[in-house]
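See below for final.csv, which holds CSV, C-alpha atoms and all ligand atoms.
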```csv
chain,number,residue,atom,x,y,z
A,1,MET,CA,-69.1,-114.8,-50.2
A,2,ALA,CA,-66.8,-114.4,-47.2
A,3,ASN,CA,-68.4,-114.0,-43.8
A,4,PRO,CA,-68.3,-110.2,-43.1
A,5,THR,CA,-67.4,-110.9,-39.5
A,6,SER,CA,-64.6,-113.4,-40.2
A,7,SER,CA,-61.9,-110.7,-39.8
A,8,LEU,CA,-63.3,-109.7,-36.4
A,9,ARG,CA,-61.5,-112.3,-34.3
A,10,LEU,CA,-59.0,-111.9,-31.5
A,11,SER,CA,-55.7,-113.8,-31.5
A,12,PRO,CA,-53.6,-114.3,-28.4
A,13,VAL,CA,-50.5,-112.1,-28.2
A,14,ASP,CA,-47.8,-113.5,-30.5
A,15,LEU,CA,-44.5,-113.3,-28.7
A,16,ASP,CA,-42.6,-113.7,-32.0
A,17,GLU,CA,-43.9,-110.3,-33.2
A,18,LYS,CA,-43.5,-106.8,-31.9
A,19,ILE,CA,-46.7,-106.0,-29.9
A,20,LYS,CA,-48.4,-102.9,-31.4
A,21,LEU,CA,-49.7,-100.5,-28.8
A,22,GLY,CA,-50.0,-97.3,-30.9
A,23,SER,CA,-53.1,-95.4,-32.0
A,24,LYS,CA,-53.6,-97.5,-35.1
A,25,ALA,CA,-53.8,-100.7,-33.1
A,26,ALA,CA,-56.8,-99.3,-31.2
A,27,ARG,CA,-59.0,-99.8,-34.3
A,28,ILE,CA,-59.9,-102.4,-36.8
A,29,GLU,CA,-62.2,-101.6,-39.6
A,30,SER,CA,-65.3,-103.7,-40.1
A,31,SER,CA,-67.2,-103.9,-43.3
A,32,LEU,CA,-70.4,-104.0,-41.2
A,33,ASP,CA,-72.2,-100.9,-40.1
A,34,LYS,CA,-73.0,-100.4,-36.4
A,35,THR,CA,-76.5,-101.9,-36.7
A,36,GLU,CA,-75.3,-105.0,-38.5
A,37,LEU,CA,-72.4,-105.4,-36.1
A,38,GLU,CA,-74.7,-105.1,-33.1
A,39,ALA,CA,-77.0,-107.7,-34.6
A,40,ALA,CA,-74.1,-110.1,-35.1
A,41,THR,CA,-73.1,-109.5,-31.5
A,42,ALA,CA,-76.6,-110.1,-30.3
A,43,THR,CA,-76.4,-113.6,-31.9
A,44,LEU,CA,-73.1,-114.2,-30.0
A,45,LEU,CA,-74.6,-113.0,-26.7
A,46,ALA,CA,-77.6,-115.4,-27.1
A,47,ARG,CA,-75.1,-118.2,-27.7
A,48,LEU,CA,-73.2,-117.2,-24.6
A,49,SER,CA,-76.3,-117.6,-22.5
A,50,GLU,CA,-76.9,-121.1,-23.8
A,51,LEU,CA,-73.3,-122.1,-23.3
A,52,GLN,CA,-73.3,-120.8,-19.7
A,53,ASP,CA,-76.2,-123.0,-18.8
A,54,ALA,CA,-74.4,-126.2,-19.8
A,55,PHE,CA,-71.1,-124.9,-18.4
A,56,HIS,CA,-72.7,-124.4,-15.0
A,57,ALA,CA,-74.5,-127.7,-15.0
A,58,ASP,CA,-71.3,-129.5,-16.1
A,59,GLY,CA,-69.3,-127.9,-13.3
A,60,ARG,CA,-65.8,-129.1,-14.4
A,61,HIS,CA,-64.4,-125.7,-15.0
A,62,ALA,CA,-64.5,-122.1,-14.0
A,63,LEU,CA,-64.0,-119.3,-16.5
A,64,LEU,CA,-62.1,-116.1,-15.5
A,65,LEU,CA,-61.9,-113.1,-17.8
A,66,VAL,CA,-59.3,-110.5,-16.7
A,67,LEU,CA,-59.9,-107.0,-18.0
A,68,GLN,CA,-57.2,-104.4,-17.9
A,69,GLY,CA,-57.0,-101.1,-19.7
A,70,ARG,CA,-56.3,-97.4,-19.2
A,71,ASP,CA,-59.0,-95.2,-17.6
A,72,ALA,CA,-62.1,-95.0,-19.8
A,73,SER,CA,-61.0,-97.9,-22.0
A,74,GLY,CA,-64.4,-99.6,-21.5
A,75,LYS,CA,-64.0,-102.2,-18.8
A,76,ASP,CA,-67.4,-101.4,-17.3
A,77,GLY,CA,-69.0,-101.3,-20.8
A,78,VAL,CA,-67.7,-104.9,-21.5
A,79,ILE,CA,-69.1,-106.2,-18.3
A,80,LYS,CA,-72.5,-104.4,-18.8
A,81,THR,CA,-72.9,-105.6,-22.4
A,82,VAL,CA,-71.1,-108.9,-22.7
A,83,TYR,CA,-71.6,-110.2,-19.2
A,84,GLY,CA,-75.1,-108.9,-19.3
A,85,ALA,CA,-75.9,-111.9,-21.5
A,86,PHE,CA,-75.3,-114.3,-18.7
A,87,ASN,CA,-77.6,-115.5,-16.0
A,88,PRO,CA,-76.4,-113.4,-13.0
A,89,THR,CA,-76.7,-116.3,-10.7
A,90,GLY,CA,-73.7,-118.0,-12.4
A,91,VAL,CA,-71.5,-114.8,-12.6
A,92,HIS,CA,-69.1,-113.3,-10.3
A,93,VAL,CA,-67.7,-109.7,-10.8
A,94,ALA,CA,-64.7,-108.4,-8.8
A,95,ALA,CA,-63.3,-104.9,-9.1
A,96,PHE,CA,-59.8,-104.0,-7.9
A,97,GLY,CA,-59.3,-100.4,-6.5
A,98,PRO,CA,-56.4,-99.2,-4.4
A,99,PRO,CA,-55.6,-101.9,-1.8
A,100,THR,CA,-56.9,-101.5,1.7
A,101,PRO,CA,-54.5,-101.4,4.7
A,102,LEU,CA,-55.3,-105.0,5.4
A,103,GLU,CA,-54.7,-106.0,1.7
A,104,LEU,CA,-51.4,-104.2,1.9
A,105,ARG,CA,-50.3,-106.4,4.8
A,106,HIS,CA,-50.8,-109.5,2.7
A,107,ASP,CA,-49.0,-110.7,-0.4
A,108,PHE,CA,-50.3,-109.0,-3.6
A,109,LEU,CA,-52.1,-112.0,-4.8
A,110,TRP,CA,-54.1,-112.6,-1.6
A,111,ARG,CA,-57.0,-110.4,-2.6
A,112,ALA,CA,-57.2,-111.8,-6.1
A,113,HIS,CA,-57.1,-115.4,-5.0
A,114,GLN,CA,-60.2,-115.0,-2.8
A,115,VAL,CA,-62.4,-113.8,-5.7
A,116,VAL,CA,-61.4,-116.4,-8.3
A,117,PRO,CA,-64.6,-118.0,-9.5
A,118,PRO,CA,-65.3,-121.6,-8.3
A,119,ARG,CA,-66.0,-124.3,-10.8
A,120,GLY,CA,-69.3,-123.8,-12.6
A,121,MET,CA,-69.1,-120.0,-12.4
A,122,ILE,CA,-68.0,-117.4,-14.9
A,123,GLY,CA,-66.0,-114.6,-13.3
A,124,VAL,CA,-64.6,-111.3,-14.4
A,125,PHE,CA,-61.9,-109.1,-12.9
A,126,ASN,CA,-62.4,-105.4,-13.5
A,127,ARG,CA,-58.7,-104.5,-13.1
A,128,SER,CA,-56.8,-107.2,-11.4
A,129,HIS,CA,-53.5,-108.5,-9.8
A,130,TYR,CA,-51.9,-106.9,-12.9
A,131,GLU,CA,-52.3,-103.5,-11.3
A,132,ASP,CA,-49.4,-104.6,-9.2
A,133,VAL,CA,-47.1,-104.5,-12.2
A,134,LEU,CA,-48.9,-101.5,-13.9
A,135,ALA,CA,-50.1,-98.7,-11.5
A,136,VAL,CA,-47.7,-99.8,-8.8
A,137,ARG,CA,-44.8,-99.7,-11.2
A,138,VAL,CA,-45.6,-96.4,-12.9
A,139,ARG,CA,-46.5,-94.6,-9.7
A,140,GLU,CA,-43.4,-96.1,-8.0
A,141,LEU,CA,-45.3,-97.5,-5.1
A,142,VAL,CA,-42.7,-100.3,-4.4
A,143,PRO,CA,-39.0,-100.7,-5.4
A,144,GLU,CA,-38.3,-102.1,-8.8
A,145,PRO,CA,-37.0,-105.5,-7.7
A,146,VAL,CA,-40.3,-106.1,-5.8
A,147,TRP,CA,-42.6,-105.5,-8.9
A,148,ARG,CA,-40.2,-107.2,-11.2
A,149,ALA,CA,-40.4,-110.5,-9.3
A,150,ARG,CA,-44.2,-110.4,-9.7
A,151,TYR,CA,-44.3,-111.5,-13.3
A,152,ASP,CA,-43.0,-114.9,-12.3
A,153,HIS,CA,-45.3,-114.9,-9.3
A,154,ILE,CA,-48.3,-114.2,-11.5
A,155,ASN,CA,-47.4,-116.8,-14.1
A,156,THR,CA,-47.1,-119.5,-11.4
A,157,PHE,CA,-50.3,-118.4,-9.7
A,158,GLU,CA,-52.2,-118.5,-13.0
A,159,ARG,CA,-50.7,-121.9,-13.7
A,160,MET,CA,-51.9,-123.3,-10.4
A,161,LEU,CA,-55.4,-121.9,-11.1
A,162,THR,CA,-55.6,-123.5,-14.5
A,163,ASP,CA,-54.3,-126.8,-13.1
A,164,SER,CA,-57.3,-126.5,-10.7
A,165,GLY,CA,-59.9,-126.2,-13.5
A,166,VAL,CA,-59.9,-122.4,-14.0
A,167,ILE,CA,-59.9,-121.3,-17.7
A,168,ILE,CA,-58.2,-117.9,-17.8
A,169,ARG,CA,-58.5,-115.3,-20.6
A,170,LYS,CA,-57.0,-111.9,-20.3
A,171,CYS,CA,-58.0,-108.8,-22.4
A,172,MET,CA,-56.2,-105.6,-22.5
A,173,LEU,CA,-58.7,-103.0,-23.8
A,174,HIS,CA,-56.5,-100.8,-26.0
A,175,VAL,CA,-57.7,-97.3,-26.6
A,176,SER,CA,-55.8,-94.5,-28.4
A,177,ARG,CA,-54.7,-91.3,-26.6
A,178,GLU,CA,-57.2,-89.4,-28.8
A,179,GLU,CA,-60.1,-91.6,-27.9
A,180,GLN,CA,-59.3,-91.5,-24.2
A,181,HIS,CA,-59.2,-87.7,-24.4
A,182,ASP,CA,-62.7,-87.7,-25.8
A,183,ARG,CA,-64.1,-90.1,-23.2
A,184,LEU,CA,-62.5,-88.2,-20.3
A,185,LYS,CA,-63.8,-84.9,-21.8
A,186,ALA,CA,-67.3,-86.4,-21.9
A,187,ARG,CA,-67.0,-87.3,-18.2
A,188,LEU,CA,-66.3,-83.6,-17.5
A,189,ASP,CA,-69.0,-82.2,-19.8
A,190,ASP,CA,-71.9,-84.7,-19.4
A,191,PRO,CA,-73.7,-84.3,-16.0
A,192,THR,CA,-74.6,-88.0,-16.1
A,193,LYS,CA,-70.9,-88.9,-16.4
A,194,ASN,CA,-69.4,-86.3,-14.0
A,195,TRP,CA,-69.4,-88.8,-11.2
A,196,LYS,CA,-66.9,-91.0,-13.1
A,197,PHE,CA,-64.3,-88.2,-13.5
A,198,ARG,CA,-61.3,-88.5,-11.2
A,199,LEU,CA,-58.2,-86.1,-11.1
A,200,GLU,CA,-56.1,-89.2,-10.7
A,201,ASP,CA,-57.1,-90.2,-14.3
A,202,LEU,CA,-55.5,-87.0,-15.6
A,203,LYS,CA,-52.3,-87.8,-13.7
A,204,ASP,CA,-52.2,-91.2,-15.2
A,205,ARG,CA,-52.9,-89.7,-18.7
A,206,ASP,CA,-49.7,-87.6,-18.2
A,207,ARG,CA,-47.8,-90.9,-17.7
A,208,TRP,CA,-49.1,-92.3,-21.0
A,209,ASP,CA,-45.7,-93.6,-22.2
A,210,ALA,CA,-44.7,-95.1,-18.9
A,211,TYR,CA,-48.0,-97.0,-18.9
A,212,THR,CA,-47.3,-98.2,-22.5
A,213,ASP,CA,-43.9,-99.6,-21.3
A,214,ALA,CA,-45.6,-101.2,-18.4
A,215,TYR,CA,-48.3,-102.8,-20.5
A,216,ARG,CA,-45.8,-104.0,-23.1
A,217,GLU,CA,-43.7,-105.7,-20.5
A,218,MET,CA,-46.8,-107.2,-18.8
A,219,LEU,CA,-47.9,-108.7,-22.2
A,220,GLU,CA,-44.4,-109.9,-23.0
A,221,ARG,CA,-43.8,-111.5,-19.6
A,222,CYS,CA,-47.3,-112.9,-18.8
A,223,SER,CA,-48.7,-114.1,-22.1
A,224,THR,CA,-48.6,-117.8,-21.5
A,225,PRO,CA,-50.1,-120.8,-23.2
A,226,TRP,CA,-52.3,-121.4,-20.1
A,227,ALA,CA,-53.4,-117.8,-19.6
A,228,PRO,CA,-53.2,-115.9,-22.9
A,229,TRP,CA,-53.4,-112.1,-23.2
A,230,TYR,CA,-55.4,-110.6,-26.0
A,231,VAL,CA,-55.0,-106.9,-27.1
A,232,VAL,CA,-58.5,-105.7,-27.9
A,233,PRO,CA,-58.8,-102.7,-30.3
A,234,SER,CA,-61.3,-100.7,-28.2
A,235,ASP,CA,-61.8,-97.3,-29.8
A,236,ASP,CA,-65.0,-98.6,-31.3
A,237,LYS,CA,-67.2,-100.0,-28.6
A,238,ALA,CA,-69.3,-102.2,-30.9
A,239,VAL,CA,-66.2,-103.8,-32.4
A,240,ARG,CA,-64.7,-104.3,-28.9
A,241,ASN,CA,-67.9,-106.0,-27.6
A,242,HIS,CA,-68.1,-108.2,-30.7
A,243,LEU,CA,-64.5,-109.3,-30.4
A,244,ILE,CA,-64.8,-110.3,-26.7
A,245,ALA,CA,-68.1,-112.0,-27.1
A,246,ARG,CA,-66.8,-114.1,-29.9
A,247,MET,CA,-63.6,-115.1,-28.0
A,248,LEU,CA,-65.8,-116.1,-25.0
A,249,VAL,CA,-68.1,-118.1,-27.3
A,250,GLU,CA,-65.1,-120.0,-28.7
A,251,THR,CA,-63.7,-120.5,-25.2
A,252,LEU,CA,-66.9,-121.9,-23.8
A,253,GLU,CA,-67.5,-124.1,-26.8
A,254,SER,CA,-64.0,-125.5,-26.4
A,255,THR,CA,-64.9,-126.9,-23.0
A,256,LYS,CA,-67.5,-129.2,-24.6
A,257,SER,CA,-69.6,-128.8,-21.5
A,258,ALA,CA,-72.5,-131.3,-21.2
A,259,TYR,CA,-75.5,-131.7,-19.0
A,260,PRO,CA,-74.8,-134.5,-16.5
A,261,PRO,CA,-77.1,-137.5,-16.8
A,262,MET,CA,-79.5,-138.2,-14.0
A,263,ASP,CA,-78.2,-140.5,-11.3
A,264,GLU,CA,-79.8,-143.8,-11.8
A,265,ALA,CA,-80.5,-144.2,-8.1
A,266,VAL,CA,-82.4,-140.9,-8.0
A,267,ARG,CA,-84.3,-141.9,-11.1
A,268,ALA,CA,-85.3,-145.2,-9.6
A,269,ALA,CA,-86.4,-143.5,-6.3
A,270,ALA,CA,-88.5,-141.0,-8.3
A,271,LYS,CA,-90.3,-143.8,-10.1
A,272,GLY,CA,-94.0,-143.5,-9.8
A,273,PHE,CA,-93.8,-139.6,-9.7
A,274,ALA,CA,-96.3,-138.4,-12.2
B,301,LIG,P1,-62.4,-96.3,-15.2
B,301,LIG,O1,-61.3,-97.2,-15.9
B,301,LIG,O2,-63.7,-96.3,-15.9
B,301,LIG,O3,-61.8,-94.9,-15.1
B,301,LIG,P2,-61.6,-97.4,-12.7
B,301,LIG,O4,-61.3,-98.8,-13.0
B,301,LIG,O5,-60.4,-96.5,-12.8
B,301,LIG,O6,-62.7,-96.8,-13.7
B,301,LIG,P3,-61.8,-96.7,-10.0
B,301,LIG,O7,-62.3,-97.5,-8.9
B,301,LIG,O8,-62.1,-95.3,-10.0
B,301,LIG,O9,-62.2,-97.4,-11.3
B,301,LIG,O10,-60.2,-96.8,-10.0
B,301,LIG,C1,-59.5,-97.9,-9.5
B,301,LIG,C2,-58.1,-97.3,-9.2
B,301,LIG,O11,-57.4,-98.2,-8.3
B,301,LIG,C3,-57.2,-97.2,-10.5
B,301,LIG,O12,-56.6,-95.9,-10.5
B,301,LIG,C4,-56.1,-98.2,-10.2
B,301,LIG,O13,-54.9,-98.0,-10.8
B,301,LIG,C5,-56.1,-98.3,-8.7
B,301,LIG,N1,-55.5,-99.6,-8.3
B,301,LIG,C6,-56.0,-100.8,-8.5
B,301,LIG,N2,-55.2,-101.7,-7.9
B,301,LIG,C7,-54.2,-101.1,-7.4
B,301,LIG,C8,-53.0,-101.5,-6.7
B,301,LIG,N3,-52.7,-102.8,-6.4
B,301,LIG,N4,-52.2,-100.5,-6.2
B,301,LIG,C9,-52.4,-99.2,-6.5
B,301,LIG,N5,-53.5,-98.8,-7.2
B,301,LIG,C10,-54.4,-99.7,-7.6
```

Can the structure from this file be put into C-alpha cells for me?
Amino acid sequence: MANPTSSLRLSPVDLDEKIKLGSKAARIESSLDKTELEAATATLLARLSELQDAFHADGRHALLLVLQGRDASGKDGVIKTVYGAFNPTGVHVAAFGPPTPLELRHDFLWRAHQVVPPRGMIGVFNRSHYEDVLAVRVRELVPEPVWRARYDHINTFERMLTDSGVIIRKCMLHVSREEQHDRLKARLDDPTKNWKFRLEDLKDRDRWDAYTDAYREMLERCSTPWAPWYVVPSDDKAVRNHLIARMLVETLESTKSAYPPMDEAVRAAAKGFA
C-alpha cells in the first residue's frame, strides 16, 4: 500500500513551469484526517530533535529557514510548532519589522547579515531581507531601479552564505484570499487575538494583486540551486506544518552530520577517571 503521506512533500520552485499563486495552490488534499496527519508530523518533529543534536555537535553547517508570507499566513505558527521541536539552545529566531532609522542608513542586507546563524545553529527568519523586494516594492518606498537591483544582490549574498557553510531553505507560506479573510476576521472577533490585528494588514490586503506580482518575481528571480524557494500550501495549518517539518528532516539528513570522536589526547589525559 502506498504511504499515505508520500504525496505530502515540497518541491523547490521549478522555473520551467508557471508558478501557481491562485487560491487552488493554497491547498493540497491529504488522505489522512487531522489526527493522523498530526501523528505523522509528531514523528517528524521527534526526528528533527534527534537530527539537531548531531548537527550541533558536528558544527560544519548552519541551517537558515527563511519564512515569507502575507499577513496571517502562519509564520508564527510554523515557528511555534516546527521549531518547537528543537532544543532552544541551538536555535536562533529573527523577526523583521519596519527598519529602524539606523537600519535605513545601512545597506538593506546589513540587518539580515548580523542575524544569520553561526555554524552548529538552526535559524529562522520571520520575514526577511525579501521584504525589501516585497513591501518596499508594493508600498513604493524606494524607486524601482533600487529594488530591482536587489534580486542580484540577494542571490550573491545567499551564495556567499552557502559558501560559508550556511544551508538556506526558503518557504513562502501561500494562503488564499478567502483564508486570509477568515484569519484576519478572527483577529478582530476573538479577544485573545485582537492584539495581532493591525490596520496596515487591511491596506496590504487591498494590494493583493500587487503583492502576488511581487511574490512571483521574487520566486522567479531568487530561486537558485543554492537557496531554493518552496511555495507551501498553507490554508490548512496541519498540512503546512507537516510539509515544512518533512523538508527540514530531509535537509538535515542530507548533511550526514556525525558526532565528532573524542580527541585522543583528551581521552589519554582522562585515563584513570572512574
Ligand atoms: P503577521 O504576519 O502574523 O500579521 P507580521 O509579520 O506582520 O505578523 P509585524 O511585526 O506586525 O508582524 O509586521 C511586520 C511589518 O514590517 C510588516 O508589515 C512588514 O511588511 C514590515 N516590514 C518588514 N521589513 C520591512 C522593510 N524592509 N521595509 C518596510 N516594511 C517592512

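Straight-line separation from atom CA of Trp110 of chain A to atom N2 of ligand LIG 301 (chain B): 12.6 Å.
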
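Proximity of A:Lys193, A:Lys185, A:His129, A:Arg240 to ligand LIG 301 (chain B), computed with all atoms listed in the file, is greatest for A:His129.
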
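Closest approach to Thr162 of chain A among A:Val82, A:Val124, A:Val136, A:Ala62: A:Ala62, based on only C-alpha atoms.
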
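Nearest residue to Leu104 of chain A, choosing from A:Gly272, A:Leu48, A:Asp132, A:Ala210 and counting all atoms listed in the file: A:Asp132.
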
Using only C-alpha atoms: which of A:Lys18, A:Lys256, A:Arg267, A:His181 has the shortest distance to Asp58 of chain A:
A:Lys256

All residues having an atom within 9 Å of ligand LIG 301 (chain B) (only C-alpha atoms and all ligand atoms) as a ChimeraX atom specification:
/A:68-77,95-99,103-104,108,126-137,139,141,184,196-198,200-201,204

I need the residues from that last selection saved to file as a PDB file, in the frame of the given file (with C-alpha atoms), if you can.
```pdb
ATOM      1  CA  GLN A  68     -57.200-104.400 -17.900  1.00  0.00           C
ATOM      2  CA  GLY A  69     -57.000-101.100 -19.700  1.00  0.00           C
ATOM      3  CA  ARG A  70     -56.300 -97.400 -19.200  1.00  0.00           C
ATOM      4  CA  ASP A  71     -59.000 -95.200 -17.600  1.00  0.00           C
ATOM      5  CA  ALA A  72     -62.100 -95.000 -19.800  1.00  0.00           C
ATOM      6  CA  SER A  73     -61.000 -97.900 -22.000  1.00  0.00           C
ATOM      7  CA  GLY A  74     -64.400 -99.600 -21.500  1.00  0.00           C
ATOM      8  CA  LYS A  75     -64.000-102.200 -18.800  1.00  0.00           C
ATOM      9  CA  ASP A  76     -67.400-101.400 -17.300  1.00  0.00           C
ATOM     10  CA  GLY A  77     -69.000-101.300 -20.800  1.00  0.00           C
ATOM     11  CA  ALA A  95     -63.300-104.900  -9.100  1.00  0.00           C
ATOM     12  CA  PHE A  96     -59.800-104.000  -7.900  1.00  0.00           C
ATOM     13  CA  GLY A  97     -59.300-100.400  -6.500  1.00  0.00           C
ATOM     14  CA  PRO A  98     -56.400 -99.200  -4.400  1.00  0.00           C
ATOM     15  CA  PRO A  99     -55.600-101.900  -1.800  1.00  0.00           C
ATOM     16  CA  GLU A 103     -54.700-106.000   1.700  1.00  0.00           C
ATOM     17  CA  LEU A 104     -51.400-104.200   1.900  1.00  0.00           C
ATOM     18  CA  PHE A 108     -50.300-109.000  -3.600  1.00  0.00           C
ATOM     19  CA  ASN A 126     -62.400-105.400 -13.500  1.00  0.00           C
ATOM     20  CA  ARG A 127     -58.700-104.500 -13.100  1.00  0.00           C
ATOM     21  CA  SER A 128     -56.800-107.200 -11.400  1.00  0.00           C
ATOM     22  CA  HIS A 129     -53.500-108.500  -9.800  1.00  0.00           C
ATOM     23  CA  TYR A 130     -51.900-106.900 -12.900  1.00  0.00           C
ATOM     24  CA  GLU A 131     -52.300-103.500 -11.300  1.00  0.00           C
ATOM     25  CA  ASP A 132     -49.400-104.600  -9.200  1.00  0.00           C
ATOM     26  CA  VAL A 133     -47.100-104.500 -12.200  1.00  0.00           C
ATOM     27  CA  LEU A 134     -48.900-101.500 -13.900  1.00  0.00           C
ATOM     28  CA  ALA A 135     -50.100 -98.700 -11.500  1.00  0.00           C
ATOM     29  CA  VAL A 136     -47.700 -99.800  -8.800  1.00  0.00           C
ATOM     30  CA  ARG A 137     -44.800 -99.700 -11.200  1.00  0.00           C
ATOM     31  CA  ARG A 139     -46.500 -94.600  -9.700  1.00  0.00           C
ATOM     32  CA  LEU A 141     -45.300 -97.500  -5.100  1.00  0.00           C
ATOM     33  CA  LEU A 184     -62.500 -88.200 -20.300  1.00  0.00           C
ATOM     34  CA  LYS A 196     -66.900 -91.000 -13.100  1.00  0.00           C
ATOM     35  CA  PHE A 197     -64.300 -88.200 -13.500  1.00  0.00           C
ATOM     36  CA  ARG A 198     -61.300 -88.500 -11.200  1.00  0.00           C
ATOM     37  CA  GLU A 200     -56.100 -89.200 -10.700  1.00  0.00           C
ATOM     38  CA  ASP A 201     -57.100 -90.200 -14.300  1.00  0.00           C
ATOM     39  CA  ASP A 204     -52.200 -91.200 -15.200  1.00  0.00           C
TER      40      ASP A 204
END
```

Applying 9 Å and only C-alpha atoms, which residues near Val232 of chain A remain after dropping the ones on its own chain fewer than 2 positions away? List them as a PyMOL selection string.
chain A and resi 10+25-27+171-175+230+234+240+243-244

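Straight-line separation from atom CA of Asp163 of chain A to atom CA of Asp14 of chain A: 22.8 Å.
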
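One distance worth recording is that between atom CA of Ile19 of chain A and atom CA of Arg221 of chain A, which is 12.0 Å.
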
Skip Pro260 of chain A itself and residues of its chain fewer than 3 positions away, then list as a compact mmCIF listing (two decimals) with C-alpha atoms, in the coordinates of the input all residues within 9 Å of it, counting only C-alpha atoms.
```
# COMPACT_ATOMS: atom_id res chain seq x y z
CA ALA A 54 -74.40 -126.20 -19.80
CA ALA A 57 -74.50 -127.70 -15.00
CA ASP A 58 -71.30 -129.50 -16.10
CA ASP A 263 -78.20 -140.50 -11.30
```

Pick out the residues sitting within 7 Å of segment 153-157 of chain A, and hand them over as a short mmCIF file (atom, residue, chain, number, x, y, z; two decimals) with C-alpha atoms, keeping the file's coordinate frame; count only C-alpha atoms, and ignore anything fewer than 4 positions along from it in its own chain.
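New file around15.cif:
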```
data_model
loop_
_atom_site.label_atom_id
_atom_site.label_comp_id
_atom_site.auth_asym_id
_atom_site.auth_seq_id
_atom_site.Cartn_x
_atom_site.Cartn_y
_atom_site.Cartn_z
CA ALA A 149 -40.40 -110.50 -9.30
CA LEU A 161 -55.40 -121.90 -11.10
CA CYS A 222 -47.30 -112.90 -18.80
#
```

Around all of segment 50-56 of chain A's listed atoms, make the axis-aligned box with 6 Å on each side and tell me centre and edge lengths in Å to one decimal, as lines of an AutoDock Vina configuration file.
```
center_x = -74.0
center_y = -123.5
center_z = -19.4
size_x = 17.8
size_y = 17.4
size_z = 20.8
```

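Using all atoms listed in the file for every distance, the candidate list A:Ile28, A:Met262, A:Ala40, A:Ala227 yields A:Ala227 as the residue closest to Glu158 of chain A.
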